[in-house]
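Heads up, protein38.tsv below (TSV, C-alpha atoms):
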```
chain	number	residue	atom	x	y	z
A	2	MET	CA	77.52	97.44	74.07
A	3	THR	CA	78.42	97.88	77.72
A	4	GLU	CA	77.75	95.20	80.28
A	5	LYS	CA	74.90	96.34	82.50
A	6	ARG	CA	74.95	95.95	86.26
A	7	ASP	CA	71.84	95.01	88.24
A	8	GLY	CA	69.17	97.67	88.20
A	9	GLU	CA	71.06	99.85	85.80
A	10	SER	CA	69.45	101.37	82.76
A	11	GLU	CA	71.25	101.54	79.47
A	12	LEU	CA	71.87	105.24	80.00
A	13	GLN	CA	73.28	104.75	83.52
A	14	ALA	CA	75.67	102.11	82.24
A	15	ARG	CA	76.89	104.45	79.54
A	16	ILE	CA	77.40	107.26	82.07
A	17	ARG	CA	79.37	104.93	84.32
A	18	ARG	CA	81.56	103.82	81.43
A	19	ALA	CA	82.21	107.40	80.39
A	20	ARG	CA	83.16	108.26	83.99
A	21	ASP	CA	85.56	105.31	84.15
A	22	ASP	CA	87.23	106.52	80.99
A	23	LEU	CA	87.82	109.89	82.61
A	24	GLU	CA	89.49	108.32	85.67
A	25	PRO	CA	93.27	108.68	85.53
A	26	LYS	CA	94.78	105.32	84.74
A	27	ARG	CA	97.48	103.84	86.96
A	28	THR	CA	100.49	103.68	84.73
A	29	THR	CA	104.21	103.59	85.33
A	30	ASN	CA	105.13	107.11	84.36
A	31	ALA	CA	108.51	108.81	84.42
A	32	ALA	CA	108.15	109.93	88.01
A	33	GLU	CA	107.47	106.40	89.21
A	34	LYS	CA	110.45	105.08	87.30
A	35	TYR	CA	112.54	107.79	88.82
A	36	ASN	CA	111.20	106.77	92.20
A	37	ALA	CA	112.52	103.24	91.64
A	38	LEU	CA	115.90	104.73	90.81
A	39	THR	CA	115.77	106.75	94.02
A	40	ILE	CA	115.12	103.61	96.05
A	41	ALA	CA	118.03	101.86	94.35
A	42	TRP	CA	120.33	104.77	95.15
A	43	ARG	CA	119.06	104.90	98.70
A	44	MET	CA	119.92	101.24	99.26
A	45	THR	CA	123.35	101.59	97.67
A	46	LEU	CA	124.10	104.60	99.81
A	47	GLU	CA	122.98	102.83	102.98
A	48	LEU	CA	125.18	99.84	102.21
A	49	VAL	CA	128.23	102.01	101.53
A	50	VAL	CA	127.64	104.30	104.51
A	51	GLY	CA	127.19	101.29	106.80
A	52	THR	CA	130.48	99.73	105.74
A	53	GLY	CA	132.25	103.09	105.85
A	54	LEU	CA	130.93	103.90	109.30
A	55	GLY	CA	131.96	100.48	110.63
A	56	ALA	CA	135.42	100.84	109.10
A	57	ALA	CA	135.76	104.36	110.54
A	58	ILE	CA	134.82	103.17	114.03
A	59	GLY	CA	137.24	100.25	113.73
A	60	TRP	CA	140.04	102.47	112.46
A	61	SER	CA	139.64	104.96	115.30
A	62	LEU	CA	139.60	102.16	117.86
A	63	ASP	CA	142.79	100.84	116.27
A	64	GLU	CA	144.38	104.28	116.57
A	65	LEU	CA	143.33	104.39	120.21
A	66	PHE	CA	144.70	100.98	121.15
A	67	SER	CA	147.34	100.81	118.38
A	68	SER	CA	146.09	97.41	117.39
A	69	LYS	CA	145.83	97.83	113.61
A	70	PRO	CA	144.10	96.13	111.86
A	71	LEU	CA	142.20	94.11	114.45
A	72	PHE	CA	139.21	96.40	115.05
A	73	LEU	CA	139.25	97.65	111.47
A	74	ILE	CA	138.44	94.16	110.19
A	75	GLY	CA	135.94	93.37	112.92
A	76	PHE	CA	134.01	96.61	112.69
A	77	GLY	CA	134.28	96.68	108.90
A	78	ILE	CA	132.37	93.41	108.82
A	79	LEU	CA	129.94	94.63	111.48
A	80	GLY	CA	129.41	97.81	109.49
A	81	PHE	CA	128.70	95.84	106.34
A	82	ALA	CA	126.18	93.76	108.27
A	83	ALA	CA	124.62	96.97	109.57
A	84	GLY	CA	124.43	98.25	106.00
A	85	VAL	CA	122.66	95.08	104.87
A	86	ARG	CA	120.36	95.38	107.88
A	87	THR	CA	119.43	98.95	106.89
A	88	VAL	CA	118.86	97.94	103.27
A	89	MET	CA	116.60	95.10	104.41
A	90	ALA	CA	114.64	97.54	106.57
A	91	THR	CA	114.25	99.84	103.55
A	92	ALA	CA	113.06	96.95	101.40
A	93	GLN	CA	110.56	95.94	104.10
A	94	GLU	CA	109.24	99.47	104.34
A	95	MET	CA	108.89	99.67	100.54
A	96	SER	CA	106.94	96.41	100.35
A	97	ARG	CA	104.74	97.53	103.23
A	98	ARG	CA	104.01	100.79	101.44
A	99	ASN	CA	103.30	98.98	98.16
A	100	SER	CA	100.88	96.58	99.81
A	101	SER	CA	99.10	99.43	101.60
A	102	ASP	CA	98.86	101.21	98.24
A	103	THR	CA	97.17	98.22	96.62
A	104	ASP	CA	94.91	97.84	99.67
A	105	LYS	CA	93.85	101.42	99.22
A	106	SER	CA	93.14	101.05	95.50
A	107	ASP	CA	91.21	97.86	96.25
A	108	ALA	CA	89.14	99.76	98.77
A	109	ASP	CA	88.61	102.53	96.23
A	110	ALA	CA	87.46	99.97	93.69
A	111	LYS	CA	84.98	98.57	96.21
A	112	ASP	CA	83.59	102.00	96.95
A	113	GLN	CA	82.63	102.59	93.36
B	28	MET	CA	132.87	129.96	80.38
B	29	ALA	CA	135.44	129.88	77.55
B	30	ASP	CA	138.45	132.03	78.37
B	31	LYS	CA	140.30	134.42	76.03
B	32	GLU	CA	142.43	131.80	74.29
B	33	GLY	CA	139.30	129.83	73.45
B	34	GLY	CA	139.20	126.11	74.12
B	35	ILE	CA	137.20	124.30	76.68
B	36	HIS	CA	137.39	125.68	80.15
B	37	ILE	CA	135.16	123.90	82.60
B	38	ASP	CA	135.08	124.74	86.27
B	39	PRO	CA	131.97	123.05	87.63
B	40	MET	CA	132.84	123.40	91.31
B	41	SER	CA	133.44	127.15	91.56
B	42	GLN	CA	129.69	127.72	91.87
B	43	PHE	CA	129.79	126.08	95.29
B	44	LEU	CA	132.39	128.47	96.73
B	45	ILE	CA	131.33	130.25	99.89
B	46	LYS	CA	132.38	133.89	99.84
B	47	PRO	CA	131.82	136.62	102.42
B	48	LEU	CA	129.67	139.34	100.88
B	49	PHE	CA	131.03	142.25	102.93
B	50	GLY	CA	134.57	143.33	103.65
B	51	LYS	CA	137.59	143.12	101.41
B	52	GLU	CA	137.76	141.04	98.25
B	53	GLY	CA	138.92	137.51	99.06
B	54	ALA	CA	138.52	137.96	102.80
B	55	ALA	CA	138.46	134.76	104.81
B	56	VAL	CA	135.16	133.30	106.02
B	57	GLU	CA	134.89	133.86	109.73
B	58	LEU	CA	132.42	132.85	112.36
B	59	PHE	CA	130.09	135.79	111.82
B	60	SER	CA	130.77	136.73	108.19
B	61	TYR	CA	127.65	137.09	106.09
B	62	THR	CA	128.32	134.86	103.08
B	63	ASN	CA	126.45	134.12	99.86
B	64	SER	CA	125.19	131.00	101.64
B	65	SER	CA	123.76	133.13	104.46
B	66	LEU	CA	122.18	135.48	101.92
B	67	TRP	CA	120.35	132.64	100.21
B	68	MET	CA	119.27	131.14	103.52
B	69	THR	CA	117.79	134.52	104.40
B	70	LEU	CA	116.04	134.62	101.02
B	71	ILE	CA	114.66	131.11	101.57
B	72	VAL	CA	113.17	132.12	104.90
B	73	VAL	CA	111.80	135.40	103.52
B	74	VAL	CA	110.31	133.90	100.34
B	75	GLY	CA	108.94	130.87	102.16
B	76	GLY	CA	107.52	133.02	104.92
B	77	LEU	CA	105.98	135.46	102.46
B	78	LEU	CA	104.34	132.68	100.47
B	79	PHE	CA	102.60	131.29	103.53
B	80	VAL	CA	101.76	134.60	105.18
B	81	VAL	CA	100.42	136.22	102.01
B	82	GLY	CA	98.91	133.02	100.67
B	83	ALA	CA	97.06	132.17	103.84
B	84	SER	CA	95.98	135.71	104.72
B	85	GLY	CA	93.14	135.72	102.17
B	86	ARG	CA	91.30	132.84	103.85
B	87	ALA	CA	88.91	132.68	100.91
B	88	VAL	CA	86.50	129.76	100.66
B	89	VAL	CA	87.32	129.56	96.98
B	90	PRO	CA	91.10	129.83	97.11
B	91	THR	CA	93.12	132.07	94.87
B	92	ARG	CA	96.07	130.56	93.05
B	93	LEU	CA	98.52	131.59	95.77
B	94	GLN	CA	96.26	130.25	98.48
B	95	SER	CA	95.94	126.96	96.59
B	96	VAL	CA	99.72	126.59	96.55
B	97	THR	CA	99.96	127.03	100.30
B	98	GLU	CA	97.00	124.73	100.90
B	99	VAL	CA	98.40	122.01	98.66
B	100	LEU	CA	101.80	122.16	100.37
B	101	TYR	CA	100.24	122.15	103.83
B	102	ASP	CA	97.89	119.30	103.04
B	103	PHE	CA	100.62	117.28	101.37
B	104	VAL	CA	102.90	117.40	104.39
B	105	ARG	CA	100.02	116.88	106.84
B	106	LYS	CA	99.01	113.69	105.05
B	107	MET	CA	102.61	112.57	104.89
B	108	VAL	CA	103.09	112.99	108.63
B	109	ARG	CA	99.79	111.29	109.47
B	110	GLU	CA	100.47	108.31	107.21
B	111	ASN	CA	104.08	107.78	108.22
B	112	ALA	CA	104.20	108.83	111.87
B	113	GLY	CA	100.62	108.21	112.95
B	114	GLU	CA	98.18	110.41	114.82
B	115	ASP	CA	100.51	111.09	117.76
B	116	GLY	CA	103.15	112.20	115.27
B	117	MET	CA	100.95	115.19	114.36
B	118	LYS	CA	102.34	116.97	117.42
B	119	TYR	CA	105.59	117.34	115.51
B	120	PHE	CA	103.94	118.50	112.29
B	121	PRO	CA	105.06	122.16	112.61
B	122	ILE	CA	108.76	121.33	112.77
B	123	ILE	CA	108.48	118.80	109.94
B	124	PHE	CA	106.58	121.30	107.82
B	125	THR	CA	109.23	123.93	108.51
B	126	LEU	CA	111.95	121.48	107.51
B	127	PHE	CA	110.12	120.61	104.31
B	128	THR	CA	109.55	124.26	103.40
B	129	PHE	CA	113.16	125.16	104.03
B	130	ILE	CA	114.54	122.31	101.94
B	131	ILE	CA	112.12	122.67	99.04
B	132	PHE	CA	112.78	126.42	98.83
B	133	ALA	CA	116.53	125.87	99.13
B	134	ASN	CA	116.45	123.32	96.30
B	135	VAL	CA	114.14	125.24	93.99
B	136	LEU	CA	115.66	128.68	94.56
B	137	GLY	CA	119.03	127.08	93.89
B	138	LEU	CA	117.87	126.30	90.36
B	139	ILE	CA	117.68	130.00	89.49
B	140	PRO	CA	120.75	130.89	87.40
B	141	TYR	CA	123.47	132.75	89.36
B	142	SER	CA	121.89	131.68	92.63
B	143	PHE	CA	123.57	129.63	95.31
B	144	THR	CA	122.29	126.22	96.34
B	145	VAL	CA	122.45	126.08	100.10
B	146	THR	CA	121.61	122.37	100.26
B	147	SER	CA	124.52	121.41	98.00
B	148	HIS	CA	126.76	121.79	101.03
B	149	LEU	CA	127.11	118.81	103.28
B	150	ALA	CA	127.62	121.19	106.20
B	151	VAL	CA	124.04	122.40	105.77
B	152	THR	CA	122.37	119.06	105.09
B	153	ALA	CA	124.36	117.37	107.87
B	154	THR	CA	123.20	120.05	110.29
B	155	LEU	CA	119.59	119.43	109.28
B	156	ALA	CA	120.00	115.64	109.46
B	157	LEU	CA	121.79	115.83	112.82
B	158	GLY	CA	119.03	118.06	114.12
B	159	VAL	CA	116.48	115.44	113.10
B	160	PHE	CA	118.63	112.64	114.53
B	161	VAL	CA	119.14	114.30	117.92
B	162	THR	CA	115.50	115.40	118.19
B	163	VAL	CA	114.11	112.01	117.25
B	164	THR	CA	116.45	110.19	119.63
B	165	ALA	CA	115.52	112.62	122.41
B	166	ILE	CA	111.81	112.04	121.70
B	167	GLY	CA	112.41	108.29	121.89
B	168	PHE	CA	114.07	108.55	125.27
B	169	MET	CA	111.50	111.02	126.59
B	170	LYS	CA	108.61	108.84	125.55
B	171	HIS	CA	109.96	105.42	126.45
B	172	GLY	CA	112.72	106.22	128.95
B	173	ALA	CA	115.46	103.64	129.20
B	174	HIS	CA	113.10	101.22	127.50
B	175	PHE	CA	114.03	102.96	124.24
B	176	LEU	CA	117.36	101.10	124.40
B	177	SER	CA	115.49	97.89	123.61
B	178	PHE	CA	115.12	99.41	120.14
B	179	PHE	CA	118.62	98.07	119.57
B	180	VAL	CA	117.80	94.57	120.75
B	181	PRO	CA	116.15	92.40	118.11
B	182	LYS	CA	113.14	90.48	119.32
B	183	ASP	CA	113.23	86.72	119.94
B	184	CYS	CA	116.97	86.54	119.63
B	185	PRO	CA	119.18	83.96	121.38
B	186	ALA	CA	121.43	85.63	123.96
B	187	PRO	CA	124.82	84.67	122.45
B	188	LEU	CA	123.89	86.28	119.14
B	189	LEU	CA	123.09	89.56	120.90
B	190	ILE	CA	126.81	90.30	121.32
B	191	LEU	CA	126.97	90.45	117.54
B	192	LEU	CA	123.56	91.87	116.71
B	193	VAL	CA	123.39	94.78	119.14
B	194	PRO	CA	126.48	96.50	117.67
B	195	ILE	CA	125.04	95.92	114.20
B	196	GLU	CA	121.76	97.55	115.23
B	197	ILE	CA	123.57	100.47	116.84
B	198	ILE	CA	125.76	101.05	113.78
B	199	SER	CA	122.75	100.89	111.50
B	200	TYR	CA	121.04	103.47	113.70
B	201	PHE	CA	123.99	105.79	113.15
B	202	VAL	CA	123.94	105.11	109.41
B	203	ARG	CA	120.69	107.07	109.27
B	204	PRO	CA	121.84	110.65	109.77
B	205	ILE	CA	124.83	110.08	107.48
B	206	SER	CA	122.85	108.66	104.55
B	207	HIS	CA	120.08	111.17	105.30
B	208	SER	CA	122.43	114.12	104.79
B	209	ILE	CA	124.61	112.68	102.01
B	210	ARG	CA	121.57	111.84	99.87
B	211	LEU	CA	120.27	115.40	99.80
B	212	GLY	CA	123.67	117.08	99.55
B	213	ALA	CA	125.07	114.76	96.88
B	214	ASN	CA	121.93	114.97	94.74
B	215	MET	CA	121.99	118.75	94.66
B	216	LEU	CA	125.77	118.90	94.19
B	217	ALA	CA	125.82	116.36	91.36
B	218	GLY	CA	122.97	117.93	89.41
B	219	HIS	CA	124.42	121.43	89.52
B	220	ALA	CA	127.91	120.22	88.64
B	221	VAL	CA	126.57	118.29	85.63
B	222	LEU	CA	124.70	121.39	84.43
B	223	LYS	CA	127.90	123.45	84.67
B	224	VAL	CA	129.92	120.81	82.78
B	225	PHE	CA	127.42	120.84	79.92
B	226	ALA	CA	127.32	124.64	79.99
B	227	GLY	CA	131.09	124.65	79.54
B	228	PHE	CA	130.70	122.80	76.22
B	229	VAL	CA	128.13	125.15	74.71
B	230	ALA	CA	130.23	128.19	73.79
B	231	PRO	CA	133.39	126.47	72.43
B	232	LEU	CA	131.40	124.23	70.06
B	233	TYR	CA	129.81	127.17	68.21
B	234	ILE	CA	126.85	125.77	66.22
B	235	GLY	CA	127.42	122.28	67.68
B	236	GLY	CA	126.75	123.79	71.07
B	237	ALA	CA	123.06	123.34	70.40
B	238	LEU	CA	123.46	119.69	71.38
B	239	PRO	CA	124.76	120.26	74.93
B	240	LEU	CA	122.34	123.16	75.24
B	241	GLY	CA	119.44	120.82	74.41
B	242	MET	CA	120.78	118.31	76.92
B	243	MET	CA	120.90	121.05	79.52
B	244	VAL	CA	117.23	121.78	79.02
B	245	GLY	CA	116.45	118.11	79.64
B	246	ILE	CA	118.72	117.88	82.66
B	247	TYR	CA	117.29	121.08	84.05
B	248	GLY	CA	113.82	119.53	83.86
B	249	LEU	CA	115.14	116.50	85.70
B	250	GLU	CA	116.75	118.79	88.27
B	251	VAL	CA	113.39	120.39	89.03
B	252	LEU	CA	112.03	116.90	89.70
B	253	VAL	CA	115.07	116.04	91.83
B	254	ALA	CA	114.78	119.28	93.80
B	255	VAL	CA	111.19	118.59	94.81
B	256	LEU	CA	111.66	114.85	95.23
B	257	GLN	CA	114.69	115.21	97.49
B	258	ALA	CA	112.79	117.61	99.72
B	259	TYR	CA	109.99	115.04	99.86
B	260	ILE	CA	112.37	112.16	100.61
B	261	PHE	CA	114.15	114.07	103.36
B	262	THR	CA	110.82	114.84	105.00
B	263	VAL	CA	109.34	111.39	104.57
B	264	LEU	CA	112.44	109.82	106.13
B	265	THR	CA	112.15	112.26	109.02
B	266	CYS	CA	108.59	111.02	109.52
B	267	ILE	CA	109.71	107.39	109.40
B	268	TYR	CA	112.46	108.00	111.96
B	269	LEU	CA	109.96	109.84	114.15
B	270	ASN	CA	107.57	106.91	113.83
B	271	ASP	CA	110.32	104.52	114.96
B	272	ALA	CA	110.98	106.70	118.01
B	273	LEU	CA	107.29	107.05	118.87
B	274	HIS	CA	106.17	103.48	118.37
B	275	MET	CA	109.43	101.50	118.24
B	276	HIS	CA	109.69	98.33	116.14
```
Please rewrite the model in this file as structure tokens.
Amino acid sequence: MTEKRDGESELQARIRRARDDLEPKRTTNAAEKYNALTIAWRMTLELVVGTGLGAAIGWSLDELFSSKPLFLIGFGILGFAAGVRTVMATAQEMSRRNSSDTDKSDADAKDQ
Amino acid sequence: MADKEGGIHIDPMSQFLIKPLFGKEGAAVELFSYTNSSLWMTLIVVVGGLLFVVGASGRAVVPTRLQSVTEVLYDFVRKMVRENAGEDGMKYFPIIFTLFTFIIFANVLGLIPYSFTVTSHLAVTATLALGVFVTVTAIGFMKHGAHFLSFFVPKDCPAPLLILLVPIEIISYFVRPISHSIRLGANMLAGHAVLKVFAGFVAPLYIGGALPLGMMVGIYGLEVLVAVLQAYIFTVLTCIYLNDALHMH
């Protein structure tokens, strides 16, 4: 039968187990999978936009000073670095959110 | 979609054309012409406004269905702002809630057949993202003054590296509004274009058209998810940017 906690009658233990069964289980459903896809797209986009923005800045500076392709190369690399920087920030934010999620579920578990 | 000669005729992008609704057929879009885009923006504001005015006017302790919808939306965004931007971010809750309502209604109303998806245009999403970008930057400067510039200076960094790192930080700050707007616009654009492509296959394939039609049902379901999720992502990122401006690092 069910494992009894201290000071719990047989009936109370059965009620608790029935309640636990009713709790929604944490599973990886379609929405969560889609969420992972969204994060992947977000990072890709940030990387591409970073490089593109850097290249655009470099190209305009080259137009201004007619020094092609000096600034284009320099700012292209800087832009790529900025893209990586943004992706890293996103990853950090995701891991922070994940850890706070598990903290919360731990706290929930303690409450019960 | 199939024209008179039969065969496959797919024109997925024509649904995104902006046309003036008044005046002569094929008139050019001018500064003040009322286009299909303007019409749907008006509808978004009217429908969104009606939902909240009518839904909240009951003020019943046991909410009706309509009241529940408004309460769930309100609570959802309130929690989002509090979690991502902190307690002092709650001051900006009204504007964030407005933004969320506008985008979610734009995305969802755009899923109605023959409607026009306002947010599929980069001009619209870029305006929203730029609005967020300018506001958030202004808040940062108002709250921290010139000290906000240290946002671009990484902590504990040797001085020679700063020449390299500060431009990187500044560029990555400007990446935000671009990726912010492209994400929403491209998601809406891509989904609607894919639906139209599949729709173009249905009629010419006769009985075989059931296959693309079935796919369309699936994709449409996914599009509903995308519509709501993109509104959520846009708003949550707004909160995160606001948090950066309020609290820095």
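With only C-alpha atoms as the atoms that count, the residue of B:Gly241, B:Pro39, B:Gly235, B:Pro204 with the shortest distance to chain A is B:Pro204.
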Starting from the point (110.3, 126.6, 101.0), work out which residues of protein, DNA or RNA have an atom no more than 9 Å away when counting only C-alpha atoms; state them as an NGL selection string. :B and (71-72 or 74-76 or 78 or 125-136)
Using all atoms listed in the file, which chain B residues lie at most 10 Å away from chain A, written as an MDAnalysis selection string? chainID B and resid 111 191:203 205:207 209:210 249 252:253 256:257 260 267
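The coordinates place atom CA of Asn99 of chain A at 25.3 Å from atom CA of Ser208 of chain B.
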Would you list the residues near (107.9, 119.5, 110.4) (no more than 9 Å away, in the coordinates of the file, using all atoms listed in the file) as a PyMOL selection string? chain B and resi 104+108+119-128+262+265-266
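Across the structure, atom CA of Lys170 of chain B and atom CA of Leu157 of chain B are spaced 19.6 Å apart.
Computed from the coordinates, the atom CA of Ser60 of chain B to atom CA of Pro47 of chain B distance equals 5.9 Å.
Nearest residue to Thr146 of chain B, choosing from B:Ala237, B:Val224, B:Ala213, B:Val89 and counting only C-alpha atoms: B:Ala213.
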Contact residues around Val88 of chain B with only C-alpha atoms at 12 Å, ignoring same-chain residues under 6 positions, as number ranges by chain: B: 94-95, 98
